[in-house]
Amino acid sequence: MLARIRSFARRFLIVTLIVTGALCGVLAVLFHWCVESAREFLIGFALERDGTTRVILMIAIPAVVFALIAFAIRKLAPRAVGANLARVRMAYNEDPSLVGWRSVLATFFATPLSLGAGAPLGPEGPITVITSGFSAAVARTLGLPRKLVRGMIPVGVAAGIGAIFNAPITGVVFALEEIVGTAERGLLGGVLVGAVAAAVVERMLLGGRALLAAPTSTWNDSRELIGFALLGSLGGIVSGGAIAVTHRLKRAWIGVMPRAELRVALAGALIGAGGLIEPRALGVGYESVSFWLHGGGTVETTSIAFGVKVLLVVVALSAGVLGGSFAPSLFIGTALGAAVGHLAQSTFPAMGIDPKAYAIIGMGAFFAGLLRSPIAAVLIVIEVTRDYDLVLPLMLGVSLAVAISRRISKLSLVEQQMIDEGYVETHVRVEDAMTRDVIVVRLDAMIAELPSTHRFYPVVDDGGQLAGLVSRDAIERADPAARVRDVMTPSPVIAGVREAVADVVARMRIQGADRCPVVDAAGRVVGFLSPADIERAHEEEDFSLFGS
């Protein structure tokens, strides 16, 4: 009897996932149509005018529309304010109400107006709010357990990304990399089902064409790897710099203009003025991306589009204009790659350089540097362009971009937005999650005396105060007659017993650590916080603290 109940429950859940994923696909298609319609009636109308009328409308439409949107959201759906992916991640980590009905409806109706009025952003981040909120609402309506309600959030993310890009594999990987942070087997299956169902609906409604299909690109000379590496490095520099500047400019905006309506109105005027210089920088910009992927443009035109788009995106994100970061990252990366490719082609004509290849690699490099999702970056480029011949140079560019971007800004764009907007879990303390029975070693202990079962051991002085850490690798490499003080290293992160686990985890991410010693007020080691401890807290509290 119990086996039959479990079998029925599994089938019911699978059907729920398929239906929810399909409905998410419908929502994504409708959302895309709303964005296109709003652009035609708003900024598209201004772009068709001439002379003084064009200038006035180009500046006034973004300013007025952005201000009205900010006012309406503040009055009707204040929880819909903030960066989209940061909100979704926090909904998964702690508070599913962040993607409740008000947030979903506000995002669905306000974002197309924002993008239609010329916001230099994209629809993908907002659609993850819509589809993840819808998926969680379906689970709540069906009376599913809270754990499954929470698990439907990444299902919705994968379905939304899979549908709007016609890229189900990317949707799955991005949901795991950006929202969950771990490929838990059960959750992976649900995410796969939702993404595939959404992509099938998109194919039925829109024909399943590649979003940015590009002709096959080539590279025949191994020396071009130098150019690809340079392009990846440039992508890392620009993406890391954009994150850092956006963070500082956001603080400046708030300090000078506390009211959101004034901030976005001024940002709208600046964006409109930028659109007068480079109209392609306004809105989503997939047409321009496709043009460059087909080899179009020149060094001058692509460089101008790249520069203006970067400036406008930083202004928009820092001021709080509604829209996502996916599309602008693809636009910026492709423009950068096309500019470098055309420059290389004109500089080295005998090498037969194909600018299309550089455009594709630039797309993946900037995306990876901005969002720090390298696997998703490689997959999204392959899925949206259907070009499989550049995998190796693409991986080179992506890896360099991520490494360099992280050196400039330790946090990804989403992580920085989470901190800037106060999306930090606070109710689970380190003392409630840490391992108390911790093995410590003395400063003057000999290496030969130490165990080597754990990855790290806290090192303490004669008073029991923390002096550093010694790793198992260091123990195994060291001379058995050496002392601990000779091989230990400082602990990159030290936790206090009363700190919030989430605050400590945020510092771990910055330092690239996944565990740390815990000390009391006197600096004495009283525990150790490891991934297992954090996962245990997740199981007890029914939410993840270590999603990345």
# chains A, B, ... in the order shown; residues from 1 in each chain; ligands from 1

$ select_by_dssp --residues "stretch 446-479 of chain A" --states "strand (DSSP E or B)" --output "PyMOL selection string"
chain A and resi 446+456-460+465-471

$ write_last_selection --atoms "N, CA and C atoms" --output "PDB file, in the first residue's frame"
ATOM      1  N   MET A 446      54.925  19.017  16.589  1.00  0.00           N
ATOM      2  CA  MET A 446      55.674  18.501  15.446  1.00  0.00           C
ATOM      3  C   MET A 446      54.719  17.926  14.407  1.00  0.00           C
ATOM      4  N   PHE A 456      41.414  20.668   7.212  1.00  0.00           N
ATOM      5  CA  PHE A 456      42.063  21.769   7.927  1.00  0.00           C
ATOM      6  C   PHE A 456      41.951  21.544   9.433  1.00  0.00           C
ATOM      7  N   TYR A 457      42.945  22.075  10.141  1.00  0.00           N
ATOM      8  CA  TYR A 457      42.926  22.064  11.602  1.00  0.00           C
ATOM      9  C   TYR A 457      43.224  23.469  12.104  1.00  0.00           C
ATOM     10  N   PRO A 458      42.429  23.974  13.057  1.00  0.00           N
ATOM     11  CA  PRO A 458      42.776  25.251  13.683  1.00  0.00           C
ATOM     12  C   PRO A 458      44.056  25.117  14.504  1.00  0.00           C
ATOM     13  N   VAL A 459      44.908  26.127  14.409  1.00  0.00           N
ATOM     14  CA  VAL A 459      46.150  26.160  15.192  1.00  0.00           C
ATOM     15  C   VAL A 459      45.964  27.167  16.319  1.00  0.00           C
ATOM     16  N   VAL A 460      46.286  26.764  17.559  1.00  0.00           N
ATOM     17  CA  VAL A 460      46.081  27.643  18.710  1.00  0.00           C
ATOM     18  C   VAL A 460      47.394  27.828  19.461  1.00  0.00           C
ATOM     19  N   GLN A 465      43.989  30.566  21.945  1.00  0.00           N
ATOM     20  CA  GLN A 465      43.521  31.528  20.958  1.00  0.00           C
ATOM     21  C   GLN A 465      43.973  31.130  19.555  1.00  0.00           C
ATOM     22  N   LEU A 466      43.149  31.461  18.582  1.00  0.00           N
ATOM     23  CA  LEU A 466      43.424  31.067  17.204  1.00  0.00           C
ATOM     24  C   LEU A 466      44.686  31.755  16.685  1.00  0.00           C
ATOM     25  N   ALA A 467      45.570  30.942  16.088  1.00  0.00           N
ATOM     26  CA  ALA A 467      46.787  31.486  15.496  1.00  0.00           C
ATOM     27  C   ALA A 467      46.798  31.330  13.975  1.00  0.00           C
ATOM     28  N   GLY A 468      46.032  30.378  13.458  1.00  0.00           N
ATOM     29  CA  GLY A 468      46.006  30.147  12.022  1.00  0.00           C
ATOM     30  C   GLY A 468      45.382  28.804  11.711  1.00  0.00           C
ATOM     31  N   LEU A 469      45.648  28.314  10.504  1.00  0.00           N
ATOM     32  CA  LEU A 469      45.148  27.014  10.055  1.00  0.00           C
ATOM     33  C   LEU A 469      46.302  26.217   9.466  1.00  0.00           C
ATOM     34  N   VAL A 470      46.206  24.910   9.581  1.00  0.00           N
ATOM     35  CA  VAL A 470      47.152  24.036   8.893  1.00  0.00           C
ATOM     36  C   VAL A 470      46.337  23.030   8.108  1.00  0.00           C
ATOM     37  N   SER A 471      46.683  22.848   6.838  1.00  0.00           N
ATOM     38  CA  SER A 471      45.909  21.968   5.966  1.00  0.00           C
ATOM     39  C   SER A 471      46.498  20.568   5.931  1.00  0.00           C
TER      40      SER A 471
END

$ closest_residue --among "A:Leu17, A:Val497, A:Val315, A:Ala327" --to "A:Ala158" --atoms "only C-alpha atoms"
A:Leu17

$ residues_around --residues "A:Leu249" --least-positions-apart "6" --cutoff "9 Å" --atoms "only C-alpha atoms" --output "JSON, numbers by chain"
{"A": [314, 315, 318, 319]}

$ write_last_selection --atoms "N, CA and C atoms" --output "tab-separated table (two decimals), in the first residue's frame"
chain	number	residue	atom	x	y	z
A	314	VAL	N	25.37	50.50	-16.84
A	314	VAL	CA	25.82	50.85	-15.50
A	314	VAL	C	24.88	51.89	-14.88
A	315	VAL	N	24.49	52.89	-15.65
A	315	VAL	CA	23.55	53.90	-15.16
A	315	VAL	C	22.21	53.25	-14.78
A	318	SER	N	22.54	50.79	-11.64
A	318	SER	CA	22.84	51.51	-10.39
A	318	SER	C	21.66	52.35	-9.93
A	319	ALA	N	20.85	52.86	-10.87
A	319	ALA	CA	19.72	53.71	-10.50
A	319	ALA	C	18.47	52.90	-10.15

$ closest_residue --among "A:Leu392, A:Pro112, A:Ile161, A:Gln511" --to "A:Gly21" --atoms "only C-alpha atoms"
A:Ile161

$ atom_distance --atom1 "atom CA of A:Val313" --atom2 "atom CA of A:Ala63"
15.2 Å

$ closest_atom_pairs --of "stretch 362-447 of chain A" --to "stretch 486-496 of chain A" --cutoff "12 Å" --atoms "only C-alpha atoms" --output "Markdown table"
| residue | atom | partner | partner_atom | distance |
| --- | --- | --- | --- | --- |
| A:Arg429 | CA | A:Gly496 | CA | 9.2 |
| A:Val430 | CA | A:Gly496 | CA | 7.1 |
| A:Glu431 | CA | A:Gly496 | CA | 8.2 |
| A:Asp432 | CA | A:Gly496 | CA | 11.6 |
| A:Ala433 | CA | A:Ala495 | CA | 11.6 |
| A:Met434 | CA | A:Ala495 | CA | 9.9 |
| A:Val441 | CA | A:Met488 | CA | 10.4 |
| A:Arg442 | CA | A:Met488 | CA | 10.6 |
| A:Leu443 | CA | A:Met488 | CA | 8.6 |
| A:Asp444 | CA | A:Asp486 | CA | 9.0 |
| A:Ala445 | CA | A:Asp486 | CA | 10.2 |
| A:Met446 | CA | A:Asp486 | CA | 9.8 |
| A:Ile447 | CA | A:Val487 | CA | 9.0 |

$ write_last_selection --atoms "N, CA and C atoms" --output "compact mmCIF listing (two decimals), in the first residue's frame"
# COMPACT_ATOMS: atom_id res chain seq x y z
N ARG A 429 22.25 31.41 13.58
CA ARG A 429 23.53 31.84 14.13
C ARG A 429 24.58 30.75 13.98
N VAL A 430 25.83 31.18 13.97
CA VAL A 430 26.94 30.24 13.83
C VAL A 430 26.93 29.22 14.95
N GLU A 431 26.66 29.66 16.18
CA GLU A 431 26.68 28.75 17.31
C GLU A 431 25.65 27.63 17.18
N ASP A 432 24.60 27.85 16.38
CA ASP A 432 23.58 26.82 16.18
C ASP A 432 23.95 25.85 15.07
N ALA A 433 24.93 26.18 14.26
CA ALA A 433 25.27 25.34 13.12
C ALA A 433 26.65 24.70 13.22
N MET A 434 27.54 25.27 14.01
CA MET A 434 28.95 24.84 14.01
C MET A 434 29.14 23.47 14.66
N VAL A 441 45.35 22.00 16.99
CA VAL A 441 46.76 21.63 17.14
C VAL A 441 47.53 22.83 17.67
N ARG A 442 48.61 22.55 18.37
CA ARG A 442 49.41 23.61 18.99
C ARG A 442 50.45 24.16 18.03
N LEU A 443 50.83 25.40 18.27
CA LEU A 443 51.83 26.05 17.44
C LEU A 443 53.14 25.28 17.38
N ASP A 444 53.56 24.76 18.54
CA ASP A 444 54.88 24.12 18.59
C ASP A 444 54.83 22.61 18.40
N ALA A 445 53.66 22.07 18.00
CA ALA A 445 53.56 20.63 17.78
C ALA A 445 54.38 20.23 16.55
N MET A 446 54.92 19.02 16.59
CA MET A 446 55.67 18.50 15.45
C MET A 446 54.72 17.93 14.41
N ILE A 447 55.07 18.06 13.15
CA ILE A 447 54.24 17.56 12.06
C ILE A 447 53.99 16.07 12.20

$ closest_residue --among "A:Asn220, A:Ile127, A:Leu113, A:Gln417" --to "A:Arg251" --atoms "only C-alpha atoms"
A:Gln417

$ select_by_dssp --residues "stretch 340-547 of chain A" --states "alpha helix (DSSP H)" --output "JSON list (two decimals) with C-alpha atoms, in the first residue's frame"
[["chain", "number", "residue", "atom", "x", "y", "z"],
["A", 340, "VAL", "CA", 38.43, 43.19, -31.58],
["A", 341, "GLY", "CA", 37.73, 40.80, -34.48],
["A", 342, "HIS", "CA", 37.44, 43.56, -37.08],
["A", 343, "LEU", "CA", 40.56, 45.22, -35.71],
["A", 344, "ALA", "CA", 42.50, 41.95, -35.89],
["A", 345, "GLN", "CA", 41.20, 41.29, -39.41],
["A", 346, "SER", "CA", 42.37, 44.67, -40.68],
["A", 347, "THR", "CA", 45.70, 44.44, -38.83],
["A", 355, "PRO", "CA", 35.30, 38.56, -36.88],
["A", 356, "LYS", "CA", 32.23, 36.38, -36.26],
["A", 357, "ALA", "CA", 34.35, 34.04, -34.14],
["A", 358, "TYR", "CA", 35.50, 36.91, -31.95],
["A", 359, "ALA", "CA", 31.92, 38.14, -31.57],
["A", 360, "ILE", "CA", 30.82, 34.74, -30.28],
["A", 361, "ILE", "CA", 33.71, 34.40, -27.85],
["A", 362, "GLY", "CA", 33.26, 37.96, -26.60],
["A", 363, "MET", "CA", 29.60, 37.17, -25.90],
["A", 364, "GLY", "CA", 30.47, 34.24, -23.66],
["A", 365, "ALA", "CA", 33.41, 35.95, -21.96],
["A", 366, "PHE", "CA", 31.52, 39.04, -20.82],
["A", 367, "PHE", "CA", 28.48, 37.01, -19.73],
["A", 368, "ALA", "CA", 30.71, 34.76, -17.63],
["A", 369, "GLY", "CA", 32.66, 37.65, -16.13],
["A", 370, "LEU", "CA", 29.51, 39.52, -15.12],
["A", 371, "LEU", "CA", 27.46, 36.64, -13.70],
["A", 374, "PRO", "CA", 31.11, 29.83, -16.61],
["A", 375, "ILE", "CA", 29.41, 26.58, -17.57],
["A", 376, "ALA", "CA", 26.14, 28.36, -18.35],
["A", 377, "ALA", "CA", 28.10, 30.95, -20.33],
["A", 378, "VAL", "CA", 29.59, 28.30, -22.63],
["A", 379, "LEU", "CA", 26.27, 26.52, -23.03],
["A", 380, "ILE", "CA", 24.19, 29.62, -23.66],
["A", 381, "VAL", "CA", 26.50, 30.72, -26.47],
["A", 382, "ILE", "CA", 26.34, 27.30, -28.08],
["A", 383, "GLU", "CA", 22.56, 26.95, -27.69],
["A", 384, "VAL", "CA", 21.54, 30.42, -28.85],
["A", 385, "THR", "CA", 23.96, 30.52, -31.82],
["A", 391, "VAL", "CA", 34.11, 25.39, -27.97],
["A", 392, "LEU", "CA", 37.82, 25.35, -27.12],
["A", 393, "PRO", "CA", 38.57, 29.07, -27.68],
["A", 394, "LEU", "CA", 35.23, 29.87, -26.02],
["A", 395, "MET", "CA", 36.27, 27.95, -22.91],
["A", 396, "LEU", "CA", 39.61, 29.78, -22.94],
["A", 397, "GLY", "CA", 37.93, 33.19, -23.15],
["A", 398, "VAL", "CA", 35.35, 32.35, -20.48],
["A", 399, "SER", "CA", 37.91, 31.02, -17.99],
["A", 400, "LEU", "CA", 40.15, 34.07, -18.37],
["A", 401, "ALA", "CA", 37.19, 36.45, -18.09],
["A", 402, "VAL", "CA", 35.98, 34.86, -14.85],
["A", 403, "ALA", "CA", 39.46, 34.82, -13.30],
["A", 404, "ILE", "CA", 40.21, 38.46, -14.14],
["A", 405, "SER", "CA", 36.74, 39.72, -13.28],
["A", 406, "ARG", "CA", 37.00, 38.08, -9.86],
["A", 407, "ARG", "CA", 40.31, 39.86, -9.25],
["A", 408, "ILE", "CA", 38.63, 43.22, -9.88],
["A", 413, "LEU", "CA", 26.87, 41.14, -10.12],
["A", 414, "VAL", "CA", 24.07, 39.18, -8.43],
["A", 415, "GLU", "CA", 26.00, 38.68, -5.19],
["A", 416, "GLN", "CA", 26.87, 42.37, -5.05],
["A", 417, "GLN", "CA", 23.23, 43.28, -5.66],
["A", 418, "MET", "CA", 22.13, 40.96, -2.87],
["A", 419, "ILE", "CA", 24.41, 42.73, -0.40],
["A", 420, "ASP", "CA", 23.56, 46.22, -1.69],
["A", 430, "VAL", "CA", 26.94, 30.24, 13.83],
["A", 431, "GLU", "CA", 26.68, 28.75, 17.31],
["A", 432, "ASP", "CA", 23.58, 26.82, 16.18],
["A", 433, "ALA", "CA", 25.27, 25.34, 13.12],
["A", 472, "ARG", "CA", 46.15, 18.23, 5.40],
["A", 473, "ASP", "CA", 48.10, 18.91, 2.20],
["A", 474, "ALA", "CA", 50.64, 20.99, 4.14],
["A", 475, "ILE", "CA", 50.97, 18.24, 6.73],
["A", 476, "GLU", "CA", 51.59, 15.58, 4.08],
["A", 477, "ARG", "CA", 54.18, 17.71, 2.23],
["A", 484, "VAL", "CA", 53.23, 23.53, 12.92],
["A", 485, "ARG", "CA", 54.17, 27.19, 13.13],
["A", 486, "ASP", "CA", 56.42, 26.67, 10.08],
["A", 487, "VAL", "CA", 53.64, 25.44, 7.74],
["A", 501, "VAL", "CA", 25.66, 32.07, 9.21],
["A", 502, "ALA", "CA", 24.73, 33.94, 6.03],
["A", 503, "ASP", "CA", 27.12, 36.79, 6.86],
["A", 504, "VAL", "CA", 29.95, 34.31, 7.34],
["A", 505, "VAL", "CA", 29.04, 32.48, 4.13],
["A", 506, "ALA", "CA", 29.12, 35.78, 2.23],
["A", 507, "ARG", "CA", 32.69, 36.39, 3.49],
["A", 508, "MET", "CA", 33.62, 32.83, 2.54],
["A", 509, "ARG", "CA", 32.47, 33.48, -1.03],
["A", 510, "ILE", "CA", 34.57, 36.63, -1.21],
["A", 511, "GLN", "CA", 37.67, 34.85, 0.03],
["A", 531, "PRO", "CA", 29.91, 22.80, 4.35],
["A", 532, "ALA", "CA", 28.39, 19.83, 6.19],
["A", 533, "ASP", "CA", 27.40, 22.10, 9.09],
["A", 534, "ILE", "CA", 25.81, 24.60, 6.71],
["A", 535, "GLU", "CA", 23.96, 21.85, 4.88],
["A", 536, "ARG", "CA", 22.74, 20.49, 8.22],
["A", 537, "ALA", "CA", 21.34, 23.92, 9.02],
["A", 538, "HIS", "CA", 19.64, 23.83, 5.62],
["A", 539, "GLU", "CA", 17.95, 20.53, 6.43],
["A", 540, "GLU", "CA", 16.79, 21.69, 9.85],
["A", 541, "GLU", "CA", 15.51, 25.08, 8.71]]

$ residues_around --residues "A:Asn84" --least-positions-apart "2" --cutoff "6 Å" --atoms "only C-alpha atoms" --output "compact mmCIF listing (two decimals) with N, CA and C atoms, in the first residue's frame"
# COMPACT_ATOMS: atom_id res chain seq x y z
N ALA A 86 18.84 38.50 -7.82
CA ALA A 86 19.09 38.58 -6.38
C ALA A 86 17.82 38.25 -5.61
N ARG A 87 16.68 38.76 -6.10
CA ARG A 87 15.41 38.49 -5.44
C ARG A 87 15.04 37.01 -5.53
N GLY A 125 16.14 38.25 -16.78
CA GLY A 125 16.07 38.29 -15.32
C GLY A 125 14.64 38.45 -14.83
N PRO A 126 13.87 39.41 -15.38
CA PRO A 126 12.47 39.53 -14.97
C PRO A 126 11.65 38.27 -15.22

$ decode --residues "stretch 447-464 of chain A" --atoms "N, CA and C atoms" --output "mmCIF file, in the first residue's frame"
data_model
loop_
_atom_site.group_PDB
_atom_site.id
_atom_site.type_symbol
_atom_site.label_atom_id
_atom_site.label_comp_id
_atom_site.auth_asym_id
_atom_site.auth_seq_id
_atom_site.Cartn_x
_atom_site.Cartn_y
_atom_site.Cartn_z
ATOM 1 N N ILE A 447 55.074 18.058 13.147
ATOM 2 C CA ILE A 447 54.241 17.563 12.055
ATOM 3 C C ILE A 447 53.986 16.069 12.204
ATOM 4 N N ALA A 448 54.971 15.335 12.650
ATOM 5 C CA ALA A 448 54.832 13.886 12.795
ATOM 6 C C ALA A 448 53.756 13.498 13.796
ATOM 7 N N GLU A 449 53.395 14.407 14.704
ATOM 8 C CA GLU A 449 52.410 14.110 15.738
ATOM 9 C C GLU A 449 50.975 14.373 15.292
ATOM 10 N N LEU A 450 50.794 14.987 14.116
ATOM 11 C CA LEU A 450 49.466 15.458 13.731
ATOM 12 C C LEU A 450 48.665 14.393 12.995
ATOM 13 N N PRO A 451 47.337 14.418 13.165
ATOM 14 C CA PRO A 451 46.472 13.562 12.341
ATOM 15 C C PRO A 451 46.370 14.153 10.933
ATOM 16 N N SER A 452 45.824 13.376 10.028
ATOM 17 C CA SER A 452 45.668 13.895 8.666
ATOM 18 C C SER A 452 44.357 13.402 8.060
ATOM 19 N N THR A 453 43.319 13.446 8.875
ATOM 20 C CA THR A 453 42.018 12.967 8.401
ATOM 21 C C THR A 453 41.140 14.094 7.887
ATOM 22 N N HIS A 454 41.246 15.282 8.493
ATOM 23 C CA HIS A 454 40.432 16.418 8.063
ATOM 24 C C HIS A 454 41.217 17.306 7.101
ATOM 25 N N ARG A 455 40.496 18.152 6.366
ATOM 26 C CA ARG A 455 41.166 19.033 5.396
ATOM 27 C C ARG A 455 41.943 20.140 6.083
ATOM 28 N N PHE A 456 41.414 20.668 7.212
ATOM 29 C CA PHE A 456 42.063 21.769 7.927
ATOM 30 C C PHE A 456 41.951 21.544 9.433
ATOM 31 N N TYR A 457 42.945 22.075 10.141
ATOM 32 C CA TYR A 457 42.926 22.064 11.602
ATOM 33 C C TYR A 457 43.224 23.469 12.104
ATOM 34 N N PRO A 458 42.429 23.974 13.057
ATOM 35 C CA PRO A 458 42.776 25.251 13.683
ATOM 36 C C PRO A 458 44.056 25.117 14.504
ATOM 37 N N VAL A 459 44.908 26.127 14.409
ATOM 38 C CA VAL A 459 46.150 26.160 15.192
ATOM 39 C C VAL A 459 45.964 27.167 16.319
ATOM 40 N N VAL A 460 46.286 26.764 17.559
ATOM 41 C CA VAL A 460 46.081 27.643 18.710
ATOM 42 C C VAL A 460 47.394 27.828 19.461
ATOM 43 N N ASP A 461 47.465 28.949 20.179
ATOM 44 C CA ASP A 461 48.631 29.190 21.025
ATOM 45 C C ASP A 461 48.398 28.588 22.407
ATOM 46 N N ASP A 462 49.274 28.900 23.339
ATOM 47 C CA ASP A 462 49.169 28.298 24.665
ATOM 48 C C ASP A 462 47.896 28.720 25.391
ATOM 49 N N GLY A 463 47.342 29.851 25.038
ATOM 50 C CA GLY A 463 46.109 30.319 25.679
ATOM 51 C C GLY A 463 44.855 29.840 24.986
ATOM 52 N N GLY A 464 44.987 29.015 23.940
ATOM 53 C CA GLY A 464 43.834 28.506 23.218
ATOM 54 C C GLY A 464 43.285 29.456 22.180
#
